[in-house]
>>> print(open('model10.pdb').read())   # PDB, C-alpha atoms
ATOM      1  CA  HIS A  12     -14.429 -17.170  17.372
ATOM      2  CA  ALA A  13     -13.677 -17.940  21.014
ATOM      3  CA  LYS A  14     -16.409 -20.586  21.003
ATOM      4  CA  ASP A  15     -14.902 -22.178  17.890
ATOM      5  CA  LEU A  16     -11.415 -22.142  19.378
ATOM      6  CA  LYS A  17     -12.589 -23.598  22.663
ATOM      7  CA  GLY A  18     -14.586 -26.289  20.908
ATOM      8  CA  ASN A  19     -12.158 -27.585  18.303
ATOM      9  CA  GLY A  20      -8.605 -26.725  19.326
ATOM     10  CA  ALA A  21      -7.820 -24.761  16.158
ATOM     11  CA  ARG A  22      -5.041 -22.183  16.164
ATOM     12  CA  VAL A  23      -5.255 -18.557  15.089
ATOM     13  CA  VAL A  24      -2.906 -15.730  14.283
ATOM     14  CA  LEU A  25      -4.073 -12.302  15.405
ATOM     15  CA  GLU A  26      -2.587  -9.690  13.107
ATOM     16  CA  GLY A  27      -2.405  -6.126  14.407
ATOM     17  CA  HIS A  28      -2.403  -3.245  11.915
ATOM     18  CA  ALA A  29      -2.124   0.540  12.054
ATOM     19  CA  ASP A  30      -2.629   3.424   9.654
ATOM     20  CA  GLU A  31       0.247   5.234   7.954
ATOM     21  CA  ARG A  32       0.506   8.053  10.480
ATOM     22  CA  GLY A  33       3.214   7.840  13.132
ATOM     23  CA  THR A  34       6.694   6.358  13.082
ATOM     24  CA  ARG A  35       7.332   2.772  12.045
ATOM     25  CA  GLU A  36       8.206   1.852  15.636
ATOM     26  CA  TYR A  37       5.054   3.470  17.015
ATOM     27  CA  ASN A  38       2.854   1.731  14.449
ATOM     28  CA  MET A  39       4.452  -1.672  15.115
ATOM     29  CA  ALA A  40       3.797  -1.235  18.852
ATOM     30  CA  LEU A  41       0.248  -0.049  18.170
ATOM     31  CA  GLY A  42      -0.467  -3.055  15.954
ATOM     32  CA  GLU A  43       0.863  -5.348  18.674
ATOM     33  CA  ARG A  44      -1.367  -3.702  21.302
ATOM     34  CA  ARG A  45      -4.398  -4.179  19.042
ATOM     35  CA  ALA A  46      -3.635  -7.856  18.476
ATOM     36  CA  LYS A  47      -2.948  -8.427  22.185
ATOM     37  CA  ALA A  48      -6.261  -6.784  23.103
ATOM     38  CA  ALA A  49      -8.069  -9.177  20.742
ATOM     39  CA  SER A  50      -6.098 -12.083  22.231
ATOM     40  CA  ALA A  51      -7.078 -11.067  25.767
ATOM     41  CA  PHE A  52     -10.740 -10.903  24.721
ATOM     42  CA  LEU A  53     -10.647 -14.370  23.149
ATOM     43  CA  SER A  54      -8.890 -15.748  26.230
ATOM     44  CA  SER A  55     -11.505 -14.196  28.502
ATOM     45  CA  LYS A  56     -14.155 -16.080  26.516
ATOM     46  CA  GLY A  57     -12.465 -19.454  26.900
ATOM     47  CA  ALA A  58      -9.844 -19.729  24.139
ATOM     48  CA  ALA A  59      -6.508 -21.089  25.340
ATOM     49  CA  GLY A  60      -3.495 -18.813  25.067
ATOM     50  CA  SER A  61      -1.597 -21.654  23.397
ATOM     51  CA  GLN A  62      -4.033 -21.457  20.461
ATOM     52  CA  ILE A  63      -3.299 -17.800  19.770
ATOM     53  CA  GLU A  64      -0.284 -16.209  18.101
ATOM     54  CA  VAL A  65       0.064 -12.432  18.025
ATOM     55  CA  ILE A  66       1.897 -10.574  15.266
ATOM     56  CA  SER A  67       2.085  -6.900  14.315
ATOM     57  CA  TYR A  68       2.384  -5.597  10.790
ATOM     58  CA  GLY A  69       2.071  -1.946  11.790
ATOM     59  CA  GLU A  70       1.382   0.078   8.665
ATOM     60  CA  GLU A  71       2.958  -2.474   6.290
ATOM     61  CA  ARG A  72      -0.246  -4.164   5.030
ATOM     62  CA  PRO A  73      -2.941  -1.550   4.452
ATOM     63  CA  VAL A  74      -6.349  -2.578   3.106
ATOM     64  CA  ALA A  75      -7.104   0.973   1.972
ATOM     65  CA  LEU A  76      -4.499   3.009   0.113
ATOM     66  CA  GLY A  77      -5.965   6.490   0.542
ATOM     67  CA  HIS A  78      -4.506   9.251   2.688
ATOM     68  CA  GLU A  79      -7.643  10.424   4.469
ATOM     69  CA  GLU A  80      -9.602   9.465   7.593
ATOM     70  CA  GLY A  81     -11.787   6.896   5.817
ATOM     71  CA  SER A  82      -8.762   4.928   4.659
ATOM     72  CA  TRP A  83      -6.912   5.347   7.938
ATOM     73  CA  ALA A  84      -9.940   4.011   9.843
ATOM     74  CA  GLN A  85      -9.988   0.860   7.697
ATOM     75  CA  ASN A  86      -6.288   0.299   8.302
ATOM     76  CA  ARG A  87      -6.580   0.491  12.104
ATOM     77  CA  ARG A  88      -7.584  -3.095  12.778
ATOM     78  CA  ALA A  89      -6.822  -6.546  14.120
ATOM     79  CA  GLU A  90      -7.472  -9.512  11.847
ATOM     80  CA  LEU A  91      -7.943 -13.108  12.867
ATOM     81  CA  GLN A  92      -6.514 -15.829  10.606
ATOM     82  CA  TYR A  93      -7.163 -19.510  11.331
ATOM     83  CA  THR A  94      -4.025 -21.566  10.730
ATOM     84  CA  SER A  95      -4.644 -25.257  11.448
ATOM     85  CA  GLU A  96      -6.139 -27.792  13.795
ATOM     86  CA  ALA A  97      -4.247 -28.663  16.941
ATOM     87  CA  PRO A  98      -2.144 -31.844  16.699
TER
END
>>> encode(input="model10.pdb", output="structure tokens")
Amino acid sequence: HAKDLKGNGARVVLEGHADERGTREYNMALGERRAKAASAFLSSKGAAGSQIEVISYGEERPVALGHEEGSWAQNRRAELQYTSEAP
């Protein structure tokens, strides 16, 4: 992804997510830390910070609805969404 960003000037949104355990505030902060870690990695590989937006959804958008470790593991993630080409 960093190579693509560096090469074409596209923009991405890094979405941070958490599982359902913990308070809403904790999970929002955790999601933000996950997205920022992904942003730092992309930047270290050549993507410009101006191409990257970070947002946290905390526990609000689970991909797995179960209440066990397998589901929680799937919900602890950062997702990368391409938005558009640079102007």
>>> residues_around(input="model10.pdb", residues="A:Glu26", least_positions_apart="2", cutoff="7 Å", atoms="all atoms listed in the file", output="list in words")
Val24, His28, Ala46, Val65, Ile66, Ser67, Tyr68, Ala89, Glu90 and Leu91 of chain A
>>> resolve_selection(input="model10.pdb", expression="the PyMOL selection byres ((chain A and resi 74) around 8)", output="JSON, numbers by chain")
{"A": [72, 73, 75, 76, 85, 86]}
>>> resolve_selection(input="model10.pdb", expression="the PyMOL selection byres ((chain A and resi 47) around 10)", output="short mmCIF file (atom, residue, chain, number, x, y, z; two decimals) with C-alpha atoms, keeping the file's coordinate frame")
data_model
loop_
_atom_site.label_atom_id
_atom_site.label_comp_id
_atom_site.auth_asym_id
_atom_site.auth_seq_id
_atom_site.Cartn_x
_atom_site.Cartn_y
_atom_site.Cartn_z
CA LEU A 25 -4.07 -12.30 15.40
CA GLU A 26 -2.59 -9.69 13.11
CA GLY A 27 -2.40 -6.13 14.41
CA LEU A 41 0.25 -0.05 18.17
CA GLY A 42 -0.47 -3.06 15.95
CA GLU A 43 0.86 -5.35 18.67
CA ARG A 44 -1.37 -3.70 21.30
CA ARG A 45 -4.40 -4.18 19.04
CA ALA A 46 -3.64 -7.86 18.48
CA ALA A 48 -6.26 -6.78 23.10
CA ALA A 49 -8.07 -9.18 20.74
CA SER A 50 -6.10 -12.08 22.23
CA ALA A 51 -7.08 -11.07 25.77
CA PHE A 52 -10.74 -10.90 24.72
CA LEU A 53 -10.65 -14.37 23.15
CA ILE A 63 -3.30 -17.80 19.77
CA GLU A 64 -0.28 -16.21 18.10
CA VAL A 65 0.06 -12.43 18.02
CA ILE A 66 1.90 -10.57 15.27
CA SER A 67 2.08 -6.90 14.32
CA ALA A 89 -6.82 -6.55 14.12
#
>>> atom_distance(input="model10.pdb", atom1="atom CA of A:Glu71", atom2="atom CA of A:Ala29")
8.3 Å
>>> atom_distance(input="model10.pdb", atom1="atom CA of A:Glu36", atom2="atom CA of A:His78")
19.6 Å
>>> residues_near_point(input="model10.pdb", point="(-11.5, -25.9, 27.9)", cutoff="12 Å", atoms="only C-alpha atoms", output="PyMOL selection string")
chain A and resi 13-20+54-62
>>> atom_distance(input="model10.pdb", atom1="atom CA of A:Gly69", atom2="atom CA of A:Gln92")
16.4 Å
